[in-house]
Amino acid sequence: MTINKSSGGDFILVGFSDQPQLEKILFVVVLISYLLTLVGNTAIILVSCLDSALQTPMYYFLTNLSFVDICFSTSIVPQLLWNLHGPAKTITATGCAIQLYVSLALGSTECVLLAVMAFDRYAAVCRPLHYATVMHPRLCQSLAGVAWLSGVGNTLIQGTITLRLPRCGNHKIYHFICEVPAMIKLACVDIHANEVQLFMASLVLLLLPLTLILVSYGYIAQALMRLRSALTWGKALGTCGSHMLVVVLFYGTITAIYIQPNSSYAHSQGKFITLLYTVLIPTLNPLIYTLRNKDVKGALKRLVRKNNNTGKKILSR
């Protein structure tokens, strides 16, 4: 397929343009996934806000995660759909900068937010009698604030440094999004220092939260081993299982991109892995939390029943 030349300072997102048949399939898959992402995560936010039984620290953080997923997908998917659907593969310099800043901020926020949610699970399982005292509303707001500020701080530093690199007229990005590892490849100067900086930032915002998550679940496992109760194990799995699955999916894909050798980044394998954490995982998160969580399913049923009863009362008047 012929890729349209960029006009002025526009960038060319090469993406999957060398596989036109695959583009048609991806367009349908990505569109369906995006719609499910919007519906599923919006439902979780509404249910968590409207149902008093779900106004707990766990669902406060889950609401933040759902909001992050909606914004994260929206910063990437519309442009991806536009590029998959037509011959034009360009994105304006301003659009590219916005996508870089917003997606990096939200991705970084999700990394820290998942660690905060692991701490919440640790408090629920290992300190059940003091849970309400430990996870009081002010602390929850502070922890969520730290997650958002970490994302904003990271994107302001990394994004600005990346966009200020001289590109000497290079505008062809061998990816479907404006992402730091792909953008620094356009530089016409030695980027070794930038690659080291990217690696160090990845260690801090990927491996540090992941370490905190593993430590939290280590303490949870230790507490459960002491109790040796099948009922307790079942409750713990119900409480932590959804979060553990989301952590495995998100960190398993994003670390493969940001910690992998730079030489393999531009290959199609890297693009497919990026598709997983930018498109598929935000779709799966609400399904995972809904299907594996009795509280959410119960709240959804109560909300639907309440709406049906309200509708019947209006019709009977």
# chains A, B, ... in the order shown; residues from 1 in each chain; ligands from 1
$ closest_atom_pairs --of "segment 69-132 of chain A" --to "segment 207-220 of chain A" --cutoff "6 Å" --atoms "only C-alpha atoms" --output "JSON lines"
{"residue": "A:Val112", "atom": "CA", "partner": "A:Pro209", "partner_atom": "CA", "distance": 5.8}
{"residue": "A:Ala115", "atom": "CA", "partner": "A:Ile213", "partner_atom": "CA", "distance": 5.2}
{"residue": "A:Ala118", "atom": "CA", "partner": "A:Ile213", "partner_atom": "CA", "distance": 5.5}
{"residue": "A:Tyr122", "atom": "CA", "partner": "A:Ser216", "partner_atom": "CA", "distance": 5.6}
$ residues_around --residues "segment 277-290 of chain A" --least-positions-apart "6" --cutoff "7 Å" --atoms "only C-alpha atoms" --output "CSV table (one decimal) with N, CA, C and O atoms, in the first residue's frame"
chain,number,residue,atom,x,y,z
A,30,VAL,N,-10.6,-3.4,16.5
A,30,VAL,CA,-10.3,-2.2,17.3
A,30,VAL,C,-11.6,-1.4,17.6
A,30,VAL,O,-11.8,-0.9,18.7
A,33,SER,N,-13.7,-3.3,20.2
A,33,SER,CA,-13.0,-3.2,21.5
A,33,SER,C,-13.2,-1.8,22.1
A,33,SER,O,-13.4,-1.7,23.3
A,34,TYR,N,-13.1,-0.8,21.3
A,34,TYR,CA,-13.2,0.6,21.8
A,34,TYR,C,-14.6,0.8,22.3
A,34,TYR,O,-14.8,1.4,23.4
A,36,LEU,N,-16.7,-1.4,23.4
A,36,LEU,CA,-16.9,-2.2,24.7
A,36,LEU,C,-16.1,-1.5,25.8
A,36,LEU,O,-16.6,-1.5,27.0
A,37,THR,N,-15.0,-0.9,25.5
A,37,THR,CA,-14.2,-0.2,26.6
A,37,THR,C,-15.0,1.0,27.1
A,37,THR,O,-15.1,1.1,28.3
A,40,GLY,N,-18.2,-0.6,29.0
A,40,GLY,CA,-17.9,-1.4,30.2
A,40,GLY,C,-17.3,-0.5,31.3
A,40,GLY,O,-17.8,-0.6,32.5
A,41,ASN,N,-16.4,0.4,31.0
A,41,ASN,CA,-15.8,1.2,32.0
A,41,ASN,C,-16.7,2.3,32.5
A,41,ASN,O,-16.7,2.6,33.7
A,44,ILE,N,-19.0,0.7,35.1
A,44,ILE,CA,-18.3,0.5,36.4
A,44,ILE,C,-18.3,1.8,37.1
A,44,ILE,O,-18.6,1.8,38.3
A,69,ASP,N,-8.6,4.1,31.9
A,69,ASP,CA,-8.8,3.2,30.7
A,69,ASP,C,-9.6,3.9,29.6
A,69,ASP,O,-9.2,3.8,28.4
A,73,SER,N,-7.6,4.8,26.1
A,73,SER,CA,-8.0,4.3,24.8
A,73,SER,C,-8.4,5.5,23.9
A,73,SER,O,-8.1,5.5,22.7
A,242,SER,N,-9.3,-10.7,40.6
A,242,SER,CA,-9.5,-9.8,39.5
A,242,SER,C,-8.3,-8.8,39.3
A,242,SER,O,-7.8,-8.6,38.2
A,246,VAL,N,-5.5,-8.5,36.1
A,246,VAL,CA,-5.3,-7.3,35.4
A,246,VAL,C,-3.8,-6.9,35.5
A,246,VAL,O,-3.2,-6.5,34.5
A,250,PHE,N,-1.5,-6.4,32.1
A,250,PHE,CA,-1.0,-5.0,31.9
A,250,PHE,C,0.5,-5.0,31.9
A,250,PHE,O,1.2,-4.6,31.0
A,253,THR,N,2.5,-7.1,29.2
A,253,THR,CA,2.6,-6.6,27.9
A,253,THR,C,3.4,-5.3,27.8
A,253,THR,O,4.3,-5.1,27.0
A,254,ILE,N,3.2,-4.4,28.8
A,254,ILE,CA,3.9,-3.1,28.7
A,254,ILE,C,5.4,-3.2,29.0
A,254,ILE,O,6.2,-2.5,28.4
A,296,VAL,N,-20.0,-6.3,42.2
A,296,VAL,CA,-20.3,-5.5,41.0
A,296,VAL,C,-21.5,-6.1,40.3
A,296,VAL,O,-22.4,-5.3,39.8
A,297,LYS,N,-21.6,-7.4,40.1
A,297,LYS,CA,-22.7,-8.1,39.5
A,297,LYS,C,-24.0,-7.8,40.2
A,297,LYS,O,-25.0,-7.5,39.6
$ select_by_dssp --residues "segment 50-243 of chain A" --states "helix (DSSP H, G or I)" --output "PyMOL selection string"
chain A and resi 50+52-54+57-74+77-85+93-126+128-134+137-163+180-186+192-227+230-243
$ select_by_dssp --residues "segment 3-190 of chain A" --states "strand (DSSP E or B)" --output "VMD selection string"
chain A and resid 11 to 13 90 to 91 172 to 173
$ write_last_selection --atoms "all heavy atoms" --output "PDB file, in the first residue's frame"
ATOM      1  N   PHE A  11       3.460  13.972  10.769  1.00  0.00           N
ATOM      2  CA  PHE A  11       4.163  12.694  10.885  1.00  0.00           C
ATOM      3  C   PHE A  11       3.399  11.614  10.121  1.00  0.00           C
ATOM      4  O   PHE A  11       2.178  11.692   9.979  1.00  0.00           O
ATOM      5  CB  PHE A  11       4.296  12.281  12.354  1.00  0.00           C
ATOM      6  CG  PHE A  11       5.246  13.141  13.137  1.00  0.00           C
ATOM      7  CD1 PHE A  11       4.776  14.182  13.919  1.00  0.00           C
ATOM      8  CD2 PHE A  11       6.611  12.900  13.097  1.00  0.00           C
ATOM      9  CE1 PHE A  11       5.645  14.973  14.649  1.00  0.00           C
ATOM     10  CE2 PHE A  11       7.492  13.691  13.810  1.00  0.00           C
ATOM     11  CZ  PHE A  11       7.007  14.730  14.591  1.00  0.00           C
ATOM     12  N   ILE A  12       4.118  10.621   9.653  1.00  0.00           N
ATOM     13  CA  ILE A  12       3.513   9.467   8.995  1.00  0.00           C
ATOM     14  C   ILE A  12       3.573   8.291   9.967  1.00  0.00           C
ATOM     15  O   ILE A  12       4.649   7.885  10.401  1.00  0.00           O
ATOM     16  CB  ILE A  12       4.250   9.095   7.697  1.00  0.00           C
ATOM     17  CG1 ILE A  12       4.189  10.246   6.699  1.00  0.00           C
ATOM     18  CG2 ILE A  12       3.642   7.844   7.077  1.00  0.00           C
ATOM     19  CD1 ILE A  12       5.065  10.046   5.486  1.00  0.00           C
ATOM     20  N   LEU A  13       2.409   7.759  10.329  1.00  0.00           N
ATOM     21  CA  LEU A  13       2.336   6.580  11.184  1.00  0.00           C
ATOM     22  C   LEU A  13       2.253   5.349  10.277  1.00  0.00           C
ATOM     23  O   LEU A  13       1.204   5.034   9.739  1.00  0.00           O
ATOM     24  CB  LEU A  13       1.116   6.663  12.102  1.00  0.00           C
ATOM     25  CG  LEU A  13       1.148   7.784  13.158  1.00  0.00           C
ATOM     26  CD1 LEU A  13      -0.200   7.928  13.833  1.00  0.00           C
ATOM     27  CD2 LEU A  13       2.229   7.504  14.207  1.00  0.00           C
ATOM     28  N   THR A  90      -1.292   9.941   8.169  1.00  0.00           N
ATOM     29  CA  THR A  90      -0.607  11.065   8.793  1.00  0.00           C
ATOM     30  C   THR A  90      -1.280  11.503  10.089  1.00  0.00           C
ATOM     31  O   THR A  90      -2.463  11.255  10.319  1.00  0.00           O
ATOM     32  CB  THR A  90      -0.554  12.275   7.836  1.00  0.00           C
ATOM     33  OG1 THR A  90      -1.893  12.624   7.452  1.00  0.00           O
ATOM     34  CG2 THR A  90       0.258  11.944   6.587  1.00  0.00           C
ATOM     35  N   ILE A  91      -0.487  12.184  10.903  1.00  0.00           N
ATOM     36  CA  ILE A  91      -0.980  12.830  12.114  1.00  0.00           C
ATOM     37  C   ILE A  91      -0.225  14.144  12.233  1.00  0.00           C
ATOM     38  O   ILE A  91       0.977  14.209  11.946  1.00  0.00           O
ATOM     39  CB  ILE A  91      -0.764  11.940  13.366  1.00  0.00           C
ATOM     40  CG1 ILE A  91      -1.333  12.625  14.624  1.00  0.00           C
ATOM     41  CG2 ILE A  91       0.702  11.584  13.566  1.00  0.00           C
ATOM     42  CD1 ILE A  91      -1.336  11.732  15.858  1.00  0.00           C
ATOM     43  N   LYS A 172       8.732   9.740   9.495  1.00  0.00           N
ATOM     44  CA  LYS A 172       8.093   8.435   9.342  1.00  0.00           C
ATOM     45  C   LYS A 172       8.264   7.620  10.638  1.00  0.00           C
ATOM     46  O   LYS A 172       9.364   7.180  10.974  1.00  0.00           O
ATOM     47  CB  LYS A 172       8.695   7.675   8.155  1.00  0.00           C
ATOM     48  CG  LYS A 172       7.922   6.421   7.775  1.00  0.00           C
ATOM     49  CD  LYS A 172       8.505   5.747   6.542  1.00  0.00           C
ATOM     50  CE  LYS A 172       8.153   6.503   5.284  1.00  0.00           C
ATOM     51  NZ  LYS A 172       8.561   5.746   4.066  1.00  0.00           N
ATOM     52  N   ILE A 173       7.162   7.435  11.350  1.00  0.00           N
ATOM     53  CA  ILE A 173       7.174   6.684  12.614  1.00  0.00           C
ATOM     54  C   ILE A 173       6.754   5.243  12.328  1.00  0.00           C
ATOM     55  O   ILE A 173       5.644   5.007  11.841  1.00  0.00           O
ATOM     56  CB  ILE A 173       6.211   7.314  13.652  1.00  0.00           C
ATOM     57  CG1 ILE A 173       6.601   8.780  13.911  1.00  0.00           C
ATOM     58  CG2 ILE A 173       6.225   6.529  14.953  1.00  0.00           C
ATOM     59  CD1 ILE A 173       5.591   9.536  14.766  1.00  0.00           C
TER      60      ILE A 173
END
$ residues_around --residues "segment 125-132 of chain A" --least-positions-apart "5" --cutoff "9 Å" --atoms "only C-alpha atoms" --output "list in words"
Pro57, Asp120, Pro137, Tyr219, Ile220, Ala223, Leu224, Ala236 and Thr239 of chain A
$ write_last_selection --atoms "all heavy atoms" --output "short mmCIF file (atom, residue, chain, number, x, y, z; two decimals), in the first residue's frame"
data_model
loop_
_atom_site.label_atom_id
_atom_site.label_comp_id
_atom_site.auth_asym_id
_atom_site.auth_seq_id
_atom_site.Cartn_x
_atom_site.Cartn_y
_atom_site.Cartn_z
N PRO A 57 -13.05 1.98 49.49
CA PRO A 57 -11.75 2.27 48.87
C PRO A 57 -11.47 1.46 47.61
O PRO A 57 -10.97 1.99 46.62
CB PRO A 57 -10.75 1.94 49.98
CG PRO A 57 -11.50 2.19 51.23
CD PRO A 57 -12.91 1.76 50.95
N ASP A 120 -4.20 -1.64 48.82
CA ASP A 120 -5.57 -1.70 49.35
C ASP A 120 -5.99 -3.14 49.63
O ASP A 120 -6.60 -3.43 50.65
CB ASP A 120 -6.53 -1.06 48.34
CG ASP A 120 -7.98 -1.25 48.74
OD1 ASP A 120 -8.40 -0.71 49.77
OD2 ASP A 120 -8.71 -1.96 48.01
N PRO A 137 -10.77 7.89 53.83
CA PRO A 137 -10.96 8.61 52.56
C PRO A 137 -9.82 9.55 52.19
O PRO A 137 -9.45 9.65 51.02
CB PRO A 137 -12.26 9.39 52.80
CG PRO A 137 -13.01 8.56 53.80
CD PRO A 137 -11.97 7.96 54.68
N TYR A 219 2.83 -10.71 51.23
CA TYR A 219 2.28 -10.62 52.58
C TYR A 219 0.88 -11.25 52.65
O TYR A 219 0.53 -11.91 53.65
CB TYR A 219 2.21 -9.16 53.04
CG TYR A 219 3.51 -8.62 53.57
CD1 TYR A 219 4.19 -7.62 52.89
CD2 TYR A 219 4.07 -9.11 54.75
CE1 TYR A 219 5.40 -7.12 53.37
CE2 TYR A 219 5.26 -8.62 55.24
CZ TYR A 219 5.93 -7.63 54.55
OH TYR A 219 7.12 -7.14 55.03
N ILE A 220 0.09 -11.05 51.59
CA ILE A 220 -1.24 -11.66 51.55
C ILE A 220 -1.15 -13.18 51.57
O ILE A 220 -1.87 -13.85 52.32
CB ILE A 220 -2.01 -11.17 50.29
CG1 ILE A 220 -2.38 -9.70 50.42
CG2 ILE A 220 -3.27 -12.01 50.06
CD1 ILE A 220 -2.96 -9.08 49.17
N ALA A 223 -0.15 -14.41 55.01
CA ALA A 223 -1.28 -14.36 55.95
C ALA A 223 -2.24 -15.52 55.71
O ALA A 223 -2.75 -16.13 56.65
CB ALA A 223 -2.00 -13.03 55.82
N LEU A 224 -2.47 -15.85 54.45
CA LEU A 224 -3.39 -16.94 54.12
C LEU A 224 -2.81 -18.30 54.49
O LEU A 224 -3.54 -19.20 54.91
CB LEU A 224 -3.72 -16.91 52.62
CG LEU A 224 -4.53 -15.71 52.13
CD1 LEU A 224 -4.67 -15.74 50.61
CD2 LEU A 224 -5.91 -15.69 52.78
N ALA A 236 -10.34 -14.49 49.70
CA ALA A 236 -9.15 -13.76 49.26
C ALA A 236 -9.03 -13.78 47.73
O ALA A 236 -8.70 -12.77 47.11
CB ALA A 236 -7.90 -14.35 49.89
N THR A 239 -11.45 -11.45 46.33
CA THR A 239 -11.05 -10.07 46.57
C THR A 239 -9.88 -9.66 45.68
O THR A 239 -9.85 -8.55 45.16
CB THR A 239 -10.65 -9.88 48.05
OG1 THR A 239 -11.74 -10.26 48.88
CG2 THR A 239 -10.31 -8.43 48.35
#
$ residues_around --residues "Leu149 of chain A" --least-positions-apart "5" --cutoff "10 Å" --atoms "only C-alpha atoms" --output "list in words"
Ala105, Ser108, Thr109, Val112, Leu143, Ala144, Asn154 and Thr155 of chain A
$ residues_around --residues "Ala93 of chain A" --least-positions-apart "5" --cutoff "10 Å" --atoms "only C-alpha atoms" --output "list in words"
Gly8, Gly9, Asp10, Phe11, Ile12, Ile98, Gln99, Leu163, His171 and Cys178 of chain A
$ residues_around --residues "Lys185 of chain A" --least-positions-apart "5" --cutoff "12 Å" --atoms "only C-alpha atoms" --output "CSV table (one decimal) with C-alpha atoms, in the first residue's frame"
chain,number,residue,atom,x,y,z
A,162,THR,CA,11.7,13.4,23.3
A,163,LEU,CA,9.9,16.1,21.3
A,165,LEU,CA,15.2,16.0,19.9
A,166,PRO,CA,16.4,17.2,16.4
A,167,ARG,CA,14.8,15.0,13.7
A,168,CYS,CA,16.5,16.5,10.6
A,170,ASN,CA,12.5,12.5,9.7
A,171,HIS,CA,8.7,12.1,9.9
A,172,LYS,CA,8.1,8.4,9.3
A,173,ILE,CA,7.2,6.7,12.6
A,174,TYR,CA,7.3,2.9,12.4
A,175,HIS,CA,4.4,2.4,14.7
A,178,CYS,CA,3.3,8.5,18.8
A,179,GLU,CA,5.1,6.7,21.6
A,180,VAL,CA,8.5,7.6,23.2
A,190,ASP,CA,23.2,10.1,19.3
A,191,ILE,CA,20.2,8.9,21.4
A,192,HIS,CA,22.1,6.6,23.7
A,194,ASN,CA,17.8,9.1,25.8
A,195,GLU,CA,17.6,5.3,25.7
A,262,ASN,CA,15.7,-1.5,21.4
A,263,SER,CA,16.6,-3.3,18.1
A,265,TYR,CA,11.0,-2.5,19.0
A,266,ALA,CA,10.1,-1.5,15.4
$ residues_around --residues "Tyr59 of chain A" --least-positions-apart "6" --cutoff "9 Å" --atoms "only C-alpha atoms" --output "PyMOL selection string"
chain A and resi 44-45+48-49
$ closest_residue --among "A:Val134, A:Leu100, A:Cys240, A:Ala43" --to "Pro181 of chain A" --atoms "only C-alpha atoms"
A:Leu100
$ closest_residue --among "A:Tyr251, A:Leu275, A:Leu26, A:Tyr60" --to "Arg138 of chain A" --atoms "only C-alpha atoms"
A:Tyr60
$ atom_distance --atom1 "atom CA of Leu22 of chain A" --atom2 "atom CA of Ile259 of chain A"
27.1 Å
$ closest_residue --among "A:Asn83, A:Thr63, A:Thr56, A:Thr42" --to "Glu110 of chain A" --atoms "only C-alpha atoms"
A:Thr63
